[in-house]
Each structure stands twice: as C-alpha cells, then as structure tokens.
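A.B. asks: Dropping in start_4.cif, which is mmCIF, C-alpha atoms:
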data_entry
loop_
_atom_site.label_atom_id
_atom_site.label_comp_id
_atom_site.auth_asym_id
_atom_site.auth_seq_id
_atom_site.Cartn_x
_atom_site.Cartn_y
_atom_site.Cartn_z
CA MET R 830 42.52 32.78 98.22
CA VAL R 831 40.03 30.18 99.49
CA LEU R 832 36.80 29.01 97.84
CA ASP R 833 33.81 28.01 99.98
CA ALA R 834 31.98 25.75 97.51
CA GLY R 835 28.30 25.60 98.43
CA CYS R 836 28.60 28.48 100.89
CA GLY R 837 24.90 29.10 101.45
CA SER R 838 24.45 32.10 103.76
CA GLY R 839 28.15 32.12 104.61
CA TYR R 840 27.61 30.76 108.09
CA PRO R 841 29.66 29.28 109.60
CA ILE R 842 32.37 28.32 107.09
CA THR R 843 32.85 31.55 105.09
CA GLN R 844 32.53 33.53 108.29
CA PHE R 845 35.33 31.52 109.90
CA LEU R 846 37.60 31.47 106.85
CA GLU R 847 37.21 35.21 106.28
CA GLN R 848 39.07 35.86 109.54
CA PHE R 849 42.26 34.44 108.01
CA PHE R 850 41.97 34.44 104.20
CA ARG R 851 40.54 36.19 101.18
CA VAL R 852 37.40 34.12 100.57
CA THR R 853 35.11 33.61 97.63
CA GLY R 854 31.84 31.82 98.27
CA VAL R 855 29.86 30.14 95.52
CA ASP R 856 26.27 28.97 95.77
CA PHE R 857 23.26 28.65 93.48
CA ALA R 858 20.73 30.06 95.97
CA ASN R 859 20.26 33.80 95.42
CA GLN R 860 18.50 34.38 98.74
CA GLN R 861 21.32 32.66 100.65
CA LEU R 862 23.89 34.79 98.82
CA ARG R 863 21.96 37.97 99.69
CA LEU R 864 22.23 37.00 103.35
CA ALA R 865 25.93 36.21 102.96
CA ARG R 866 26.71 39.54 101.27
CA THR R 867 24.91 41.41 104.05
CA LYS R 868 26.67 39.56 106.88
CA LEU R 869 30.12 39.20 105.29
CA PRO R 870 30.96 42.27 103.17
CA GLY R 871 34.66 41.36 103.11
CA ALA R 872 34.09 38.17 101.13
CA THR R 873 33.23 37.81 97.46
CA PHE R 874 30.17 35.80 96.48
CA VAL R 875 29.36 34.24 93.12
CA ASN R 876 25.97 32.90 92.07
CA ALA R 877 26.73 29.59 90.33
CA ASP R 878 26.19 25.86 90.63
CA ILE R 879 29.23 24.13 92.16
CA CYS R 880 28.87 21.51 89.40
CA ARG R 881 29.55 24.19 86.79
CA MET R 882 31.88 26.68 88.42
CA PRO R 883 32.88 29.73 86.36
CA PHE R 884 36.45 30.00 87.65
CA LYS R 885 39.70 29.85 85.70
CA ASN R 886 42.31 27.13 86.23
CA ASP R 887 44.80 27.37 89.11
CA VAL R 888 43.06 30.25 90.94
CA PHE R 889 42.53 29.09 94.52
CA ASP R 890 44.96 28.06 97.24
CA ALA R 891 42.25 25.97 98.88
CA VAL R 892 38.68 24.76 98.41
CA CYS R 893 36.41 24.03 101.34
CA SER R 894 33.08 22.30 100.74
CA TYR R 895 31.05 21.50 103.85
CA TYR R 896 27.69 19.78 103.55
CA ALA R 897 27.25 20.65 99.86
CA ILE R 898 28.61 17.70 97.85
CA ILE R 899 26.16 15.35 99.61
CA HIS R 900 23.29 17.35 98.08
CA VAL R 901 24.56 16.87 94.51
CA PRO R 902 23.58 13.70 92.60
CA ARG R 903 26.42 11.26 93.20
CA ARG R 904 26.86 10.56 89.48
CA GLU R 905 28.26 14.11 89.30
CA HIS R 906 30.71 13.79 92.23
CA SER R 907 33.69 12.62 90.17
CA ARG R 908 33.32 15.49 87.70
CA LEU R 909 32.90 17.90 90.62
CA LEU R 910 36.15 16.69 92.24
CA ILE R 911 38.03 17.02 88.94
CA ASP R 912 36.74 20.59 88.69
CA PHE R 913 37.91 21.33 92.24
CA LEU R 914 41.35 20.07 91.22
CA ARG R 915 41.28 22.24 88.08
CA ILE R 916 40.66 25.49 89.97
CA LEU R 917 43.30 24.78 92.64
CA LYS R 918 46.86 26.00 92.39
CA MET R 919 49.63 23.40 92.60
CA ASP R 920 49.83 22.03 96.17
CA GLY R 921 46.39 23.54 96.85
CA LEU R 922 44.22 21.91 99.50
CA ALA R 923 40.64 20.66 99.39
CA LEU R 924 38.71 20.06 102.61
CA LEU R 925 35.63 18.08 101.63
CA CYS R 926 32.56 16.78 103.42
CA MET R 927 31.32 13.66 101.64
CA GLY R 928 29.02 10.79 102.49
CA ALA R 929 30.10 7.84 104.60
CA GLY R 930 27.30 5.50 103.49
CA ASP R 931 25.77 4.43 100.20
CA ILE R 932 22.72 6.56 99.34
CA PRO R 933 21.87 6.63 95.60
CA ASP R 934 19.32 9.39 96.19
CA ASP R 935 16.97 10.26 98.98
CA THR R 936 14.57 13.08 99.58
CA ALA R 937 13.38 13.50 103.14
CA ASP R 938 12.24 16.06 105.64
CA TYR R 939 15.15 17.90 107.25
CA GLN R 940 14.10 20.28 110.01
CA GLY R 941 10.84 21.08 108.20
CA THR R 942 12.30 21.37 104.71
CA GLU R 943 12.48 18.78 101.95
CA MET R 944 16.17 17.99 101.36
CA PHE R 945 17.98 15.86 98.77
CA TRP R 946 20.96 13.60 99.58
CA SER R 947 23.10 11.45 97.31
CA HIS R 948 26.50 9.91 97.97
CA TYR R 949 28.66 6.83 97.88
CA ASP R 950 30.18 4.90 100.76
CA LYS R 951 33.48 5.84 102.39
CA GLU R 952 35.68 3.50 100.30
CA THR R 953 34.14 4.58 96.98
CA ASN R 954 34.49 8.26 97.91
CA LEU R 955 38.14 7.88 98.91
CA ARG R 956 38.87 6.02 95.66
CA MET R 957 37.09 8.74 93.68
CA VAL R 958 39.09 11.50 95.40
CA LYS R 959 42.35 9.70 94.51
CA GLU R 960 41.23 8.97 90.94
CA SER R 961 40.38 12.65 90.52
CA GLY R 962 44.04 13.48 91.10
CA PHE R 963 44.17 14.40 94.79
CA ASN R 964 46.67 13.04 97.28
CA ILE R 965 44.72 12.22 100.42
CA LEU R 966 46.42 13.73 103.46
CA TRP R 967 43.74 12.85 106.01
CA SER R 968 40.25 11.42 106.25
CA LYS R 969 37.82 10.72 109.05
CA VAL R 970 34.23 9.55 109.44
CA VAL R 971 32.25 11.80 111.77
CA LYS R 972 28.79 11.04 113.15
CA ASP R 973 26.14 13.60 112.25
CA PRO R 974 25.27 15.73 115.30
CA ILE R 975 21.59 15.96 114.31
CA ASP R 976 20.82 12.54 112.79
CA ALA R 977 22.18 9.69 114.90
CA HIS R 978 21.91 7.30 111.93
CA ALA R 979 24.00 9.45 109.58
CA ALA R 980 27.74 10.01 109.26
CA HIS R 981 29.97 12.08 107.00
CA LEU R 982 33.38 11.46 105.53
CA PHE R 983 35.71 14.44 105.84
CA VAL R 984 38.69 14.38 103.48
CA LEU R 985 41.70 16.67 103.22
CA GLY R 986 43.22 16.31 99.77
CA GLN R 987 46.08 18.07 98.05
CA LYS R 988 46.73 18.83 94.40
CA GLY R 989 50.17 17.58 93.63
#
So, in terms of structure tokens, how does the structure I just supplied come out?

C.D. replies:
Amino acid sequence: MVLDAGCGSGYPITQFLEQFFRVTGVDFANQQLRLARTKLPGATFVNADICRMPFKNDVFDAVCSYYAIIHVPRREHSRLLIDFLRILKMDGLALLCMGAGDIPDDTADYQGTEMFWSHYDKETNLRMVKESGFNILWSKVVKDPIDAHAAHLFVLGQKG
C-alpha cells in the first residue's frame, strides 16, 4: 500500500500510482479530496494534515510526497519526516520532493493564487532526511518547469 502525502485532487501522482498499487491519499483540502474521490474511486482518501497523520505505525510500503512538503513551514519538516518513517513498514520507501534552496518562508502569487513556500537548502534537507532515520538511495536537484529561478530536491529514502 502506498501513501500519497499531500495528494490534492489526486492528479497526477495518485492517478499514476493507482495503476500499480493500492493507494491512500491524504490532504487537508476538502474540495480537492472531493475531486479526487470523483476521479479516482479505486483509491482511498483521508482528510488530514500531513503534519498530523492519523495512521498507525508500519502501515505503508511506500510514501510519495510531491510538491507538498515545500508548502509546510520548514520548522516542521524534521517532525514530518520522522512521521513518514513511523508509518512505513521496514524497508519501505519514501519519494520526497523538497526544496533545493533556503527559503525561511515566502508567500507569493502562483498562477493567480497566493501560495506559501518554506524549505531548507539541499544539504540541510539531505542531512535532515538521514537524521530522521532514512537511508538515502538517490537524490537529484531538478529545475522547476514553471519558475526558472526555482529548483526542487527529489529524494528516495528507505526505512532500514
């Protein structure tokens, strides 16, 4: 079973994962979850904040969190990673999208909507992932396709 943490409307991550796995999506936005439930009836959706997930220990084989962690205040990132580790089964995988640059907090217009960002630089994020208990299997900085000045750190970690 795979968790899409910060799934929003389920597109595109839950939609992709659902082709291969049993998927649970978690998000705090009720309207987004209504859309997800309509489009993806084969997945399970839970209304909760990814910083306070209601799941038991050792439940998921994998956690995928794309473009969600960067919208959580960075002071909560370490606790969030520890919680991801908690809900993963032994040898479970976490595919995470994190920040590649140092942004304490920023609110700006994003395609006509006010959006919040907060994250550490690449080195701090990688250290935090390791300190949370993950073994890092792979990481890569990827330029943002919409904002030429932004980049994201993708990390594949394993509970071990």

A.B. asks: Quick one: of R:Gly854, R:Gly930, R:Gly835, R:Gly989, who's nearest to R:Thr953, counting only C-alpha atoms?

C.D. replies: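 When distances to R:Thr953 are compared using only C-alpha atoms, the smallest one comes from R:Gly930.
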
A.B. asks: Expand the PyMOL selection byres ((chain R and resi 845) around 12) into the individual residues it matches in the shown file, reporting them as a list of chain:residue names.

C.D. replies: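 Those residues are R:Val831, R:Asp833, R:Cys836, R:Gly839, R:Tyr840, R:Pro841, R:Ile842, R:Thr843, R:Gln844, R:Leu846, R:Glu847, R:Gln848, R:Phe849, R:Phe850, R:Arg851, R:Val852, R:Leu869, R:Gly871, R:Ala872, R:Cys893.
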
A.B. asks: Rounded to one decimal place, report the atom CA of R:Asn886-atom CA of R:Arg915 distance in Å.

C.D. replies: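 So the two atoms, atom CA of R:Asn886 and atom CA of R:Arg915, lie 5.3 Å apart.
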
A.B. asks: Running the PyMOL selection byres ((chain R and resi 934) around 10) on this model by hand, what would come out? Give it as a PyMOL selection string.

C.D. replies: chain R and resi 899-903+931-933+935-936+945-949

A.B. asks: Can you measure atom CA of R:Lys885 to atom CA of R:Phe857 for me? One decimal in Å is fine.

C.D. replies: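 Taking atom CA of R:Lys885 and atom CA of R:Phe857, their separation equals 18.2 Å.
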
A.B. asks: Please provide the set of residues having any atom within 8 Å of R:His981, restricted to only C-alpha atoms, with same-chain residues fewer than 5 positions apart removed, written as a PDB file with C-alpha atoms, in the frame of the given file.

C.D. replies:
ATOM      1  CA  CYS R 926      32.560  16.780 103.420  1.00  0.00           C
ATOM      2  CA  MET R 927      31.320  13.660 101.640  1.00  0.00           C
ATOM      3  CA  GLY R 928      29.020  10.790 102.490  1.00  0.00           C
ATOM      4  CA  ALA R 929      30.100   7.840 104.600  1.00  0.00           C
ATOM      5  CA  GLY R 930      27.300   5.500 103.490  1.00  0.00           C
ATOM      6  CA  VAL R 970      34.230   9.550 109.440  1.00  0.00           C
ATOM      7  CA  VAL R 971      32.250  11.800 111.770  1.00  0.00           C
ATOM      8  CA  LYS R 972      28.790  11.040 113.150  1.00  0.00           C
ATOM      9  CA  ASP R 973      26.140  13.600 112.250  1.00  0.00           C
TER      10      ASP R 973
END

A.B. asks: Report, as AutoDock Vina command-line options, the axis-aligned box around all atoms of stretch 962-975 of chain R present in the file, extended by 8 Å on each side; give centre and edge lengths in Å to one decimal place.

C.D. replies:
--center_x 34.1 --center_y 12.8 --center_z 103.2 --size_x 41.1 --size_y 22.4 --size_z 40.2

A.B. asks: Rounded to one decimal in Å, what is the spacing between atom CA of R:His906 and atom CA of R:Val958?

C.D. replies: 9.2 Å

A.B. asks: Regenerate stretch 885-897 of chain R at the level of N, CA, C and O atoms and dump it as a PDB file, keeping the file's coordinate frame.

C.D. replies:
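See selection-v1.pdb below for the written result:
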ATOM      1  N   LYS R 885      38.564  30.252  86.529  1.00  0.00           N
ATOM      2  CA  LYS R 885      39.700  29.850  85.700  1.00  0.00           C
ATOM      3  C   LYS R 885      40.508  28.767  86.401  1.00  0.00           C
ATOM      4  O   LYS R 885      40.349  28.536  87.597  1.00  0.00           O
ATOM      5  N   ASN R 886      41.403  28.146  85.681  1.00  0.00           N
ATOM      6  CA  ASN R 886      42.310  27.130  86.230  1.00  0.00           C
ATOM      7  C   ASN R 886      43.294  27.772  87.218  1.00  0.00           C
ATOM      8  O   ASN R 886      43.695  28.929  87.034  1.00  0.00           O
ATOM      9  N   ASP R 887      43.700  26.997  88.217  1.00  0.00           N
ATOM     10  CA  ASP R 887      44.800  27.370  89.110  1.00  0.00           C
ATOM     11  C   ASP R 887      44.599  28.727  89.799  1.00  0.00           C
ATOM     12  O   ASP R 887      45.514  29.533  89.883  1.00  0.00           O
ATOM     13  N   VAL R 888      43.399  28.960  90.331  1.00  0.00           N
ATOM     14  CA  VAL R 888      43.060  30.250  90.940  1.00  0.00           C
ATOM     15  C   VAL R 888      43.135  30.219  92.458  1.00  0.00           C
ATOM     16  O   VAL R 888      43.593  31.173  93.083  1.00  0.00           O
ATOM     17  N   PHE R 889      42.698  29.127  93.067  1.00  0.00           N
ATOM     18  CA  PHE R 889      42.530  29.090  94.520  1.00  0.00           C
ATOM     19  C   PHE R 889      43.657  28.310  95.205  1.00  0.00           C
ATOM     20  O   PHE R 889      44.152  27.324  94.689  1.00  0.00           O
ATOM     21  N   ASP R 890      43.996  28.770  96.401  1.00  0.00           N
ATOM     22  CA  ASP R 890      44.960  28.060  97.240  1.00  0.00           C
ATOM     23  C   ASP R 890      44.298  26.892  97.953  1.00  0.00           C
ATOM     24  O   ASP R 890      44.953  25.911  98.290  1.00  0.00           O
ATOM     25  N   ALA R 891      42.991  27.026  98.193  1.00  0.00           N
ATOM     26  CA  ALA R 891      42.250  25.970  98.880  1.00  0.00           C
ATOM     27  C   ALA R 891      40.772  26.043  98.501  1.00  0.00           C
ATOM     28  O   ALA R 891      40.256  27.103  98.158  1.00  0.00           O
ATOM     29  N   VAL R 892      40.132  24.884  98.587  1.00  0.00           N
ATOM     30  CA  VAL R 892      38.680  24.760  98.410  1.00  0.00           C
ATOM     31  C   VAL R 892      38.150  24.080  99.660  1.00  0.00           C
ATOM     32  O   VAL R 892      38.709  23.084 100.118  1.00  0.00           O
ATOM     33  N   CYS R 893      37.089  24.631 100.201  1.00  0.00           N
ATOM     34  CA  CYS R 893      36.410  24.030 101.340  1.00  0.00           C
ATOM     35  C   CYS R 893      34.968  23.805 100.922  1.00  0.00           C
ATOM     36  O   CYS R 893      34.322  24.727 100.427  1.00  0.00           O
ATOM     37  N   SER R 894      34.476  22.589 101.078  1.00  0.00           N
ATOM     38  CA  SER R 894      33.080  22.300 100.740  1.00  0.00           C
ATOM     39  C   SER R 894      32.465  21.465 101.843  1.00  0.00           C
ATOM     40  O   SER R 894      32.677  20.258 101.930  1.00  0.00           O
ATOM     41  N   TYR R 895      31.720  22.150 102.712  1.00  0.00           N
ATOM     42  CA  TYR R 895      31.050  21.500 103.850  1.00  0.00           C
ATOM     43  C   TYR R 895      29.582  21.322 103.553  1.00  0.00           C
ATOM     44  O   TYR R 895      28.881  22.293 103.258  1.00  0.00           O
ATOM     45  N   TYR R 896      29.108  20.100 103.668  1.00  0.00           N
ATOM     46  CA  TYR R 896      27.690  19.780 103.550  1.00  0.00           C
ATOM     47  C   TYR R 896      27.060  20.284 102.258  1.00  0.00           C
ATOM     48  O   TYR R 896      25.898  20.691 102.261  1.00  0.00           O
ATOM     49  N   ALA R 897      27.800  20.263 101.164  1.00  0.00           N
ATOM     50  CA  ALA R 897      27.250  20.650  99.860  1.00  0.00           C
ATOM     51  C   ALA R 897      27.319  19.485  98.874  1.00  0.00           C
ATOM     52  O   ALA R 897      26.339  19.215  98.176  1.00  0.00           O
TER      53      ALA R 897
END
